[in-house]
4 protein chains.
Amino acid sequence: VRFRDAVTVADVERIARRRIPRVIYDTLAGGAGDEVSLRANRAAFERIIFRPRALGHVALPDLTTAVLGDQVSMPVLLAPTGAGRVVSGGAELAVARAARRAGTIYMQSSVTGFALEDVARAGSGGPLWFQLYLPAEREGLADLIARVAEAGYTALAITVDTPVFGNRDRDRRNRILGSTIRPRFLLQGATHPRWAVEFVRGNVLPRTSAGGAQRMSPRQTAATIMASARPVGWDDVRAVRDLWQGPLLIKGVMRPDECAGLVELGVDGIVVSNHGGRQLDGVAATVDVLPSVVDAVDGRAEVFVDGGFRRGTDVVKALALGARAVFVGRPYLYGLAAAGQSGVEVVLEMFRAEVAQTMALVGAARVSDIDRSLVTTSAGR
Amino acid sequence: VRFRDAVTVADVERIARRRIPRVIYDTLAGGAGDEVSLRANRAAFERIIFRPRALGHVALPDLTTAVLGDQVSMPVLLAPTGAGRVVSGGAELAVARAARRAGTIYMQSSVTGFALEDVARAGSGGPLWFQLYLPAEREGLADLIARVAEAGYTALAITVDTPVFGNRDRDRRNRILGSTIRPRFLLQGATHPRWAVEFVRGNVLPRTSAGGAQRMSPRQTAATIMASARPVGWDDVRAVRDLWQGPLLIKGVMRPDECAGLVELGVDGIVVSNHGGRQLDGVAATVDVLPSVVDAVDGRAEVFVDGGFRRGTDVVKALALGARAVFVGRPYLYGLAAAGQSGVEVVLEMFRAEVAQTMALVGAARVSDIDRSLVTTSAGR
Amino acid sequence: VRFRDAVTVADVERIARRRIPRVIYDTLAGGAGDEVSLRANRAAFERIIFRPRALGHVALPDLTTAVLGDQVSMPVLLAPTGAGRVVSGGAELAVARAARRAGTIYMQSSVTGFALEDVARAGSGGPLWFQLYLPAEREGLADLIARVAEAGYTALAITVDTPVFGNRDRDRRNRILGSTIRPRFLLQGATHPRWAVEFVRGNVLPRTSAGGAQRMSPRQTAATIMASARPVGWDDVRAVRDLWQGPLLIKGVMRPDECAGLVELGVDGIVVSNHGGRQLDGVAATVDVLPSVVDAVDGRAEVFVDGGFRRGTDVVKALALGARAVFVGRPYLYGLAAAGQSGVEVVLEMFRAEVAQTMALVGAARVSDIDRSLVTTSAGR
Amino acid sequence: VRFRDAVTVADVERIARRRIPRVIYDTLAGGAGDEVSLRANRAAFERIIFRPRALGHVALPDLTTAVLGDQVSMPVLLAPTGAGRVVSGGAELAVARAARRAGTIYMQSSVTGFALEDVARAGSGGPLWFQLYLPAEREGLADLIARVAEAGYTALAITVDTPVFGNRDRDRRNRILGSTIRPRFLLQGATHPRWAVEFVRGNVLPRTSAGGAQRMSPRQTAATIMASARPVGWDDVRAVRDLWQGPLLIKGVMRPDECAGLVELGVDGIVVSNHGGRQLDGVAATVDVLPSVVDAVDGRAEVFVDGGFRRGTDVVKALALGARAVFVGRPYLYGLAAAGQSGVEVVLEMFRAEVAQTMALVGAARVSDIDRSLVTTSAGR
């Protein structure tokens, strides 16, 4: 399949797979452990069944919506991935530009090969969101947050599902992203734009050099895992909330019983996420957890979700279950790998076309018409 | 397998697959998106389990029944497909003749390569039903309906599950039935018998011409989808009801909560249909939805169903769940592709033989003996 | 695998498959339609889970039991199949002798290549059971039953699940056991020992002759099916009950609500059977229906079951669900095909060894210790 | 994959599979009958879904715990297997040393090629547990138990799920571990260190000698099975309890209703086990039974579990369901086969790393933090 013949996100993935080295593809596509949760994220969509309204919807679908006060052209946002540099030179800058052209939001990762100010400039002209791994040295937190605000980012998300590095068999087999990579190192990318180059040189290339074998041992140990530990506590959330004026999101929540506490701390958005099945294998599919989180939040914050979205039907199902919007990650990375910035744009237009089509077919004229009655999880009987 | 050795509808499909180009086969056999609903239609039958009566039925099975007042020789009707022309020259005329010889009803599609009067003549000597896509210009509606009545059609069905064109990956990959085809264009077939030829010339052939690449882009966009939008509203149903004296069916209902309104508008028949899994992927299997529609209608209209019927056992299961009769579409198209009119006849006799056999084996002497006690959806314990 | 290396019934089947023509193997192994029920019979066993008693059973297992007053060495009986002649010259005589040596019961089929008196002689020295297809001419019934009694058969079973011939795709594809075979013809075997030869000559061989194509058409029609119709009614059961003094079984019951009537008519045994998945596709697995039949009968008759038994664990599961004993059919035919009479004996000893082993492992010293607490159908939580 | 590249236990298994003869691999990896329970043990883990705590766990995970009063460095113990000698010369001695280095417990099997005193010496410097098959001659019991105590073993486990030898198709096909091997013979290993050599010579080698066919028949019979019978009764448990001063475990319990009686007899630990799926096919997965056993025991004894553990996530799931610790068997045998003692050590460190990682990711700082709220068995909704 040539890129111009790609009709689905899956087609784009197949093209990307051919264009990048297998070890790089693996690090994008892979999940934790036996990849049960990776597959579960996709499989869960099949169990959610539409109950389309055949009659009564005479208007054309309008996909615009608001997320934490920001207007977007469709309920599909771009998740932070930090992996852009390994697939394409332009990387985050290209992704930010594509998001801007599509009229939606890119949440920039704090793990990146570009200065956060550069990405902000690339995405300027619309809302900007920033994702934060808490730095190991908390004294730097206030400065970092001030810098994020200064650059023009309007919302901030704290990722809480990476207390330690996940169990990435594929990467360990491929001797890439070894066990010594830690979030606090990754964070360096926010202020050290040359990091990505070092990262690639230091992690990908050495596997071809003879002497690196010992250092590159594929085995993780309890010691290396604990050395990477950087959990986020309730106090950390409180500290960020005090420092950040704009909307605050918590990304990586999978238990409804943690939502009340977050809402009380003043969190504005919850992102139901299992890190794309890349951190803990055996965790539920995100759309399976979504409804219970929506119920627990009970309208006091906006709920978002990521994990496995490839189709417009997936998006509409998540919205029907109560999500305000969804985040996509791998799909735009595949677009980036396949065709650079225009590849990202094509992927976003695929989502837009399919969401519009699905809304028309289920009988929803506006995003707010997508209610829970449109789906069921039984066989529909 | 040669056609004369075919013993099942699946055999006939295999033969048809060989006889027609792959892109044509795909357009018949394919479904929307990832084809989850296409497969679901078939898979649902396996979860419906017979509870045969071993004793007490001593008479031979009688397959005759009445549908909306019309007598048929068996509870298997021919669904409108409008695809006849692409597989065989005789097309709808052959299908109409085969239905007449089999003593059952062909519901003629408003998307066709023949004038509706010609199809009516081919099928004359018994009941005739007509399927209507509402024309974009509503002022032509009264004339069209008058013409349908004039031609001798006894019942009319409005299709409501095509507010926009479905997400047909296979066709887009094959560059056939591109995204610019819209129901309002398709409707032209009713009054422009040469349309099918144009359709094939304009959509199938150009893919081999060098210059057509841009126009034939396999990608759909939100704009092309919305341009195809032609939803049916409650007012449309009311308008048709006022114009049409005979029995009126609504085809494409998948929610029980829409049935009460339809019955109150004077609708006589409901066709539970997901358009053969070709419109919205992710919708339920039709036989899974059937019982709840039957319950909602509660005898105030007759309920029909289509989607995935290949076996006499499938038919009897649907009847046990409350369907008055079932519609088959792809099976007769495969028969048409395999052996023209006699292929359609063979397929209908396969259904008749298997329905008779199944009725005898479950202990039902008449169609009306096929009650809900004959099936269960649990493991039968 | 050589026969002497066979350690399971599945091994014996593999050997048999090689030793007989594929069309003959198909007619033994095949089922109706898409073979959903054929597979269901086997698959159902996997959902029945043992809850073994680890402690307290110190005696060696005793497999003897009584069935309708007859003592057998184990709760595994031989089902009537009538197919012996097509796989081995000795056929029913060999099976009857093997059953006698194993100390269990062979239920002789009324469809056979041997006179019922000859089979009775071969199996003499122990209990003899006879399976009856009701003859089309009822006036011959009394004579036939008198003859069965005279020959020494101690119990009689009426098969009620063959009102018409089943939908045997494999056989129709193989042009064997064509659609003109009817139970009333098959019955001729009881009094016409040369029938099997005629049967083979008349059905298997002609497919190689040029002129037989029309007569051998693989297609069944409603007419040929109805011509084969021979349903059994309540009056028929009453008539046989009046003519037969010994224990009477009804074979082919799949609905608990038919049991009360049968018990009131004086039926002594119910055989839960779907004819090995060979008559109606889509019917439940027999072991899934078994418990509800046991509950409905409530001790007023003995309940038996057949369908898919290949392992000693299968047998013990059925006994735990309330069966008095189980019937096996295909397993002994495979043994017969693989190694004649000694093949049947080996298969029976495989069952005996595995039943003994299973009884010891679940903690049952006697057949009567096998109670419902030993199994569950949930995941055991 | 070379051993130094192995990153998971599954990798180690693949390496072991290549290093040892297929018949030996089969005897380690195989299960009873159709291996339904063998697969069920693994498959059950996929249905147990994590509900990770994202916030509030700021300490590094501490894996140490206490089992029946003994301190271990992690909640992963080594099950008795008795198969060490067939894969590696060092065998049990190497396993005992590896367990000691890892700071955990090896439960030595009474079926072994080494004197129990030798194994005790190899594992000295920490807690030692011993697994007991009751000897056929009960008069030797007191002496044996005294000897076990003398050697320094601190806890004793009685295996109760081997009243007869299991149905091992693979081994019978491979003509190894034939049907005449009985627990009472196997027990000889405890006092006859040369037994294993004889065992291999007497069972594996003869299959290549011409005359051994009769003796080596792969078929089991009811007689050979009953001859191997050696069930354990309540009186046996009482007898051992009277003779043994230290903690007493019962291994092989799969029914909650047997726990109360055991607790009343003074049993300190219950091991939920189906013998790795090697005894009775069709029994539940052990982790499916675990919660009901934990509920039945209600804190009056410690509950352990084995069967299918390959991942740190598996271990944490079992602990969440109430297990005190888990036993692993095949994993360390694969390590032993792949790389001797250091192979066992690598496998144990793989478990340690993954358990630490999983604890961090679910938000458990200590083993005692792993509570039932961390898992669910529904889809998490």
# chains A, B, ... in the order shown; residues from 1 in each chain; ligands from 1
>>> interface_residues(of="chain D", to="chain A", cutoff="10 Å", atoms="only C-alpha atoms", output="short mmCIF file (atom, residue, chain, number, x, y, z; two decimals) with N, CA, C and O atoms, in the first residue's frame")
data_model
loop_
_atom_site.label_atom_id
_atom_site.label_comp_id
_atom_site.auth_asym_id
_atom_site.auth_seq_id
_atom_site.Cartn_x
_atom_site.Cartn_y
_atom_site.Cartn_z
N VAL D 1 17.37 -17.61 20.59
CA VAL D 1 17.70 -16.83 21.79
C VAL D 1 18.79 -17.54 22.60
O VAL D 1 18.63 -18.71 22.94
N ARG D 4 21.84 -15.64 27.71
CA ARG D 4 22.12 -14.32 28.26
C ARG D 4 21.20 -13.26 27.67
O ARG D 4 21.15 -12.13 28.15
N ASP D 5 20.49 -13.60 26.59
CA ASP D 5 19.53 -12.67 26.00
C ASP D 5 18.11 -12.89 26.50
O ASP D 5 17.20 -12.15 26.13
N ALA D 6 17.92 -13.92 27.31
CA ALA D 6 16.57 -14.22 27.80
C ALA D 6 16.09 -13.09 28.70
O ALA D 6 16.80 -12.70 29.63
N VAL D 7 14.91 -12.56 28.41
CA VAL D 7 14.39 -11.49 29.27
C VAL D 7 13.15 -11.93 30.06
O VAL D 7 12.70 -11.21 30.94
N THR D 8 12.58 -13.08 29.72
CA THR D 8 11.40 -13.56 30.43
C THR D 8 11.54 -15.05 30.72
O THR D 8 12.38 -15.74 30.12
N PHE D 45 -5.16 -16.25 34.57
CA PHE D 45 -4.52 -14.98 34.95
C PHE D 45 -5.01 -13.83 34.09
O PHE D 45 -5.15 -12.70 34.56
N GLU D 46 -5.31 -14.10 32.83
CA GLU D 46 -5.75 -13.03 31.94
C GLU D 46 -7.10 -12.46 32.34
O GLU D 46 -7.42 -11.32 32.01
N ARG D 47 -7.90 -13.27 33.03
CA ARG D 47 -9.23 -12.78 33.44
C ARG D 47 -9.18 -11.99 34.73
O ARG D 47 -10.18 -11.42 35.15
N ILE D 48 -8.04 -12.01 35.40
CA ILE D 48 -7.88 -11.22 36.62
C ILE D 48 -7.24 -9.90 36.22
O ILE D 48 -6.16 -9.87 35.65
N ILE D 49 -7.93 -8.82 36.51
CA ILE D 49 -7.55 -7.52 35.96
C ILE D 49 -7.13 -6.59 37.09
O ILE D 49 -7.79 -6.51 38.12
N PHE D 50 -6.04 -5.89 36.89
CA PHE D 50 -5.54 -4.97 37.92
C PHE D 50 -6.36 -3.69 37.98
O PHE D 50 -6.81 -3.17 36.96
N ARG D 51 -6.50 -3.21 39.19
CA ARG D 51 -7.05 -1.88 39.43
C ARG D 51 -5.97 -1.09 40.18
O ARG D 51 -6.02 -0.92 41.39
N PRO D 52 -4.99 -0.58 39.44
CA PRO D 52 -3.83 0.05 40.09
C PRO D 52 -4.20 1.35 40.80
O PRO D 52 -5.02 2.12 40.32
N ARG D 53 -3.55 1.57 41.93
CA ARG D 53 -3.65 2.85 42.63
C ARG D 53 -2.61 3.78 42.01
O ARG D 53 -1.41 3.48 42.06
N ALA D 54 -3.05 4.87 41.44
CA ALA D 54 -2.11 5.76 40.77
C ALA D 54 -1.40 6.68 41.76
O ALA D 54 -0.26 7.08 41.56
N LEU D 55 -2.06 7.00 42.84
CA LEU D 55 -1.54 8.02 43.75
C LEU D 55 -1.35 7.47 45.16
O LEU D 55 -2.02 6.54 45.58
N GLY D 56 -0.46 8.11 45.90
CA GLY D 56 -0.40 7.82 47.32
C GLY D 56 0.63 6.81 47.75
O GLY D 56 0.82 6.58 48.94
N HIS D 57 1.33 6.20 46.83
CA HIS D 57 2.33 5.21 47.21
C HIS D 57 3.70 5.80 46.87
O HIS D 57 4.11 5.83 45.73
N VAL D 58 4.34 6.31 47.86
CA VAL D 58 5.59 7.02 47.58
C VAL D 58 6.84 6.25 47.95
O VAL D 58 7.95 6.62 47.58
N ALA D 59 6.66 5.13 48.68
CA ALA D 59 7.84 4.37 49.10
C ALA D 59 8.22 3.33 48.06
O ALA D 59 7.39 2.90 47.27
N LEU D 60 9.47 2.91 48.06
CA LEU D 60 9.89 1.84 47.17
C LEU D 60 9.33 0.53 47.68
O LEU D 60 9.19 0.33 48.89
N PRO D 61 8.99 -0.40 46.78
CA PRO D 61 8.39 -1.66 47.23
C PRO D 61 9.39 -2.53 48.02
O PRO D 61 10.56 -2.64 47.67
N ASP D 62 8.88 -3.11 49.08
CA ASP D 62 9.64 -4.04 49.92
C ASP D 62 9.02 -5.42 49.74
O ASP D 62 7.87 -5.64 50.10
N LEU D 63 9.79 -6.36 49.18
CA LEU D 63 9.23 -7.67 48.81
C LEU D 63 9.32 -8.72 49.92
O LEU D 63 8.81 -9.83 49.75
N ARG D 311 4.96 -14.87 35.50
CA ARG D 311 5.16 -13.43 35.47
C ARG D 311 5.03 -12.85 36.87
O ARG D 311 4.27 -13.38 37.69
N GLY D 312 5.68 -11.76 37.10
CA GLY D 312 5.49 -11.04 38.36
C GLY D 312 4.05 -10.59 38.52
O GLY D 312 3.52 -10.57 39.64
N THR D 313 3.41 -10.25 37.42
CA THR D 313 2.00 -9.87 37.52
C THR D 313 1.15 -11.03 38.01
O THR D 313 0.21 -10.84 38.78
N ASP D 314 1.46 -12.26 37.59
CA ASP D 314 0.72 -13.43 38.07
C ASP D 314 0.84 -13.52 39.60
O ASP D 314 -0.14 -13.79 40.30
N LYS D 317 -1.21 -10.87 41.39
CA LYS D 317 -2.64 -11.19 41.31
C LYS D 317 -3.02 -12.23 42.36
O LYS D 317 -4.05 -12.10 43.03
N VAL D 346 18.71 -16.96 37.80
CA VAL D 346 18.21 -15.94 36.86
C VAL D 346 16.69 -15.92 36.86
O VAL D 346 16.06 -14.86 36.89
N GLU D 349 15.46 -14.19 39.88
CA GLU D 349 15.64 -12.73 39.80
C GLU D 349 14.65 -12.11 38.81
O GLU D 349 14.22 -10.97 38.99
N MET D 350 14.29 -12.85 37.78
CA MET D 350 13.24 -12.35 36.88
C MET D 350 11.93 -12.16 37.65
O MET D 350 11.25 -11.14 37.50
N PHE D 351 11.58 -13.15 38.46
CA PHE D 351 10.37 -13.01 39.26
C PHE D 351 10.49 -11.82 40.20
O PHE D 351 9.58 -11.02 40.35
N ARG D 352 11.66 -11.68 40.86
CA ARG D 352 11.83 -10.61 41.83
C ARG D 352 11.67 -9.24 41.15
O ARG D 352 10.97 -8.35 41.65
N ALA D 353 12.32 -9.08 39.99
CA ALA D 353 12.25 -7.80 39.30
C ALA D 353 10.81 -7.49 38.89
O ALA D 353 10.32 -6.36 39.07
N GLU D 354 10.14 -8.48 38.36
CA GLU D 354 8.77 -8.23 37.89
C GLU D 354 7.80 -8.01 39.03
O GLU D 354 6.86 -7.21 38.91
N VAL D 355 8.01 -8.72 40.15
CA VAL D 355 7.12 -8.49 41.30
C VAL D 355 7.34 -7.07 41.84
O VAL D 355 6.38 -6.35 42.14
N ALA D 356 8.60 -6.65 41.92
CA ALA D 356 8.89 -5.30 42.40
C ALA D 356 8.25 -4.26 41.49
O ALA D 356 7.60 -3.30 41.94
N GLN D 357 8.43 -4.45 40.20
CA GLN D 357 7.88 -3.53 39.21
C GLN D 357 6.34 -3.47 39.32
O GLN D 357 5.75 -2.38 39.31
N THR D 358 5.73 -4.63 39.42
CA THR D 358 4.28 -4.69 39.51
C THR D 358 3.78 -4.04 40.78
O THR D 358 2.79 -3.28 40.77
N MET D 359 4.45 -4.31 41.91
CA MET D 359 4.04 -3.68 43.17
C MET D 359 4.09 -2.16 43.05
O MET D 359 3.16 -1.46 43.47
N ALA D 360 5.17 -1.65 42.46
CA ALA D 360 5.28 -0.20 42.29
C ALA D 360 4.14 0.32 41.42
O ALA D 360 3.52 1.35 41.71
N LEU D 361 3.83 -0.42 40.36
CA LEU D 361 2.84 0.06 39.39
C LEU D 361 1.40 -0.05 39.90
O LEU D 361 0.53 0.69 39.44
N VAL D 362 1.14 -0.97 40.81
CA VAL D 362 -0.21 -1.04 41.38
C VAL D 362 -0.31 -0.20 42.65
O VAL D 362 -1.39 -0.04 43.21
N GLY D 363 0.84 0.31 43.13
CA GLY D 363 0.80 1.17 44.30
C GLY D 363 0.85 0.41 45.62
O GLY D 363 0.14 0.76 46.56
N SER D 373 -8.64 -5.24 46.66
CA SER D 373 -9.14 -4.11 45.86
C SER D 373 -8.26 -3.87 44.64
O SER D 373 -8.67 -3.13 43.73
N LEU D 374 -7.10 -4.45 44.61
CA LEU D 374 -6.19 -4.22 43.48
C LEU D 374 -6.55 -5.03 42.24
O LEU D 374 -5.96 -4.84 41.18
N VAL D 375 -7.47 -5.98 42.38
CA VAL D 375 -7.85 -6.79 41.22
C VAL D 375 -9.36 -6.90 41.12
O VAL D 375 -10.09 -6.69 42.10
N THR D 376 -9.79 -7.21 39.95
CA THR D 376 -11.19 -7.51 39.72
C THR D 376 -11.23 -8.60 38.68
O THR D 376 -10.27 -8.79 37.94
N THR D 377 -12.32 -9.31 38.61
CA THR D 377 -12.38 -10.35 37.58
C THR D 377 -13.41 -10.02 36.51
O THR D 377 -13.51 -10.71 35.53
N SER D 378 -14.13 -8.93 36.70
CA SER D 378 -15.02 -8.49 35.63
C SER D 378 -14.19 -7.64 34.68
O SER D 378 -12.98 -7.53 34.79
N ALA D 379 -14.84 -6.99 33.74
CA ALA D 379 -14.11 -6.15 32.79
C ALA D 379 -13.75 -4.81 33.41
O ALA D 379 -13.27 -3.92 32.74
N GLY D 380 -13.97 -4.65 34.69
CA GLY D 380 -13.51 -3.44 35.37
C GLY D 380 -14.51 -2.31 35.36
O GLY D 380 -14.22 -1.22 35.83
N ARG D 381 -15.65 -2.58 34.83
CA ARG D 381 -16.62 -1.51 34.65
C ARG D 381 -17.21 -1.08 35.97
O ARG D 381 -17.97 -1.74 36.58
#
>>> select_by_dssp(residues="region 53-298 of chain D", states="strand (DSSP E)", output="MDAnalysis selection string")
chainID D and resid 65:67 70:72 76:78 107:108 129:132 155:159 248:253 269:272
>>> residues_around(residues="Ile370 (chain C)", least_positions_apart="2", cutoff="8 Å", atoms="only C-alpha atoms", output="list of chain:residue names")
C:Val316, C:Leu319, C:Ala320, C:Met359, C:Ala364, C:Arg366, C:Val367, C:Ser368, C:Arg372, C:Leu374
>>> closest_residue(among="C:Leu144, C:Leu265, C:Ala32, C:Leu93", to="Gly123 (chain C)", atoms="only C-alpha atoms")
C:Leu93
>>> atom_distance(atom1="CA of Ala16 (chain C)", atom2="CA of Thr112 (chain C)")
20.4 Å
>>> atom_distance(atom1="CA of Asp371 (chain A)", atom2="CA of Arg324 (chain A)")
11.3 Å
>>> residues_around(residues="region 70-74 of chain C", least_positions_apart="5", cutoff="6 Å", atoms="only C-alpha atoms", output="ChimeraX atom specification")
/C:63-65,103-104
>>> write_last_selection(atoms="all heavy atoms", output="short mmCIF file (atom, residue, chain, number, x, y, z; two decimals), in the first residue's frame")
data_model
loop_
_atom_site.label_atom_id
_atom_site.label_comp_id
_atom_site.auth_asym_id
_atom_site.auth_seq_id
_atom_site.Cartn_x
_atom_site.Cartn_y
_atom_site.Cartn_z
N LEU C 63 -16.35 -49.79 39.33
CA LEU C 63 -17.05 -49.19 38.20
C LEU C 63 -18.38 -49.86 37.86
O LEU C 63 -19.09 -49.41 36.97
CB LEU C 63 -16.17 -49.21 36.94
CG LEU C 63 -15.14 -48.10 36.79
CD1 LEU C 63 -14.04 -48.24 37.81
CD2 LEU C 63 -14.56 -48.07 35.39
N THR C 64 -18.68 -50.96 38.52
CA THR C 64 -19.92 -51.66 38.16
C THR C 64 -21.14 -50.82 38.53
O THR C 64 -21.12 -50.05 39.48
CB THR C 64 -20.02 -53.01 38.87
OG1 THR C 64 -20.01 -52.78 40.28
CG2 THR C 64 -18.86 -53.91 38.51
N THR C 65 -22.18 -51.01 37.75
CA THR C 65 -23.43 -50.30 38.03
C THR C 65 -24.57 -51.06 37.37
O THR C 65 -24.35 -52.06 36.69
CB THR C 65 -23.37 -48.84 37.53
OG1 THR C 65 -24.46 -48.11 38.08
CG2 THR C 65 -23.41 -48.76 36.01
N GLY C 103 -18.27 -56.76 29.23
CA GLY C 103 -19.27 -56.76 30.31
C GLY C 103 -20.21 -55.59 30.26
O GLY C 103 -20.78 -55.18 31.26
N THR C 104 -20.42 -55.05 29.06
CA THR C 104 -21.36 -53.94 28.97
C THR C 104 -22.38 -54.21 27.86
O THR C 104 -22.41 -55.32 27.31
CB THR C 104 -20.63 -52.60 28.75
OG1 THR C 104 -21.56 -51.54 28.85
CG2 THR C 104 -19.91 -52.55 27.40
#
>>> atom_distance(atom1="CA of Leu336 (chain D)", atom2="CA of Glu92 (chain D)")
9.6 Å
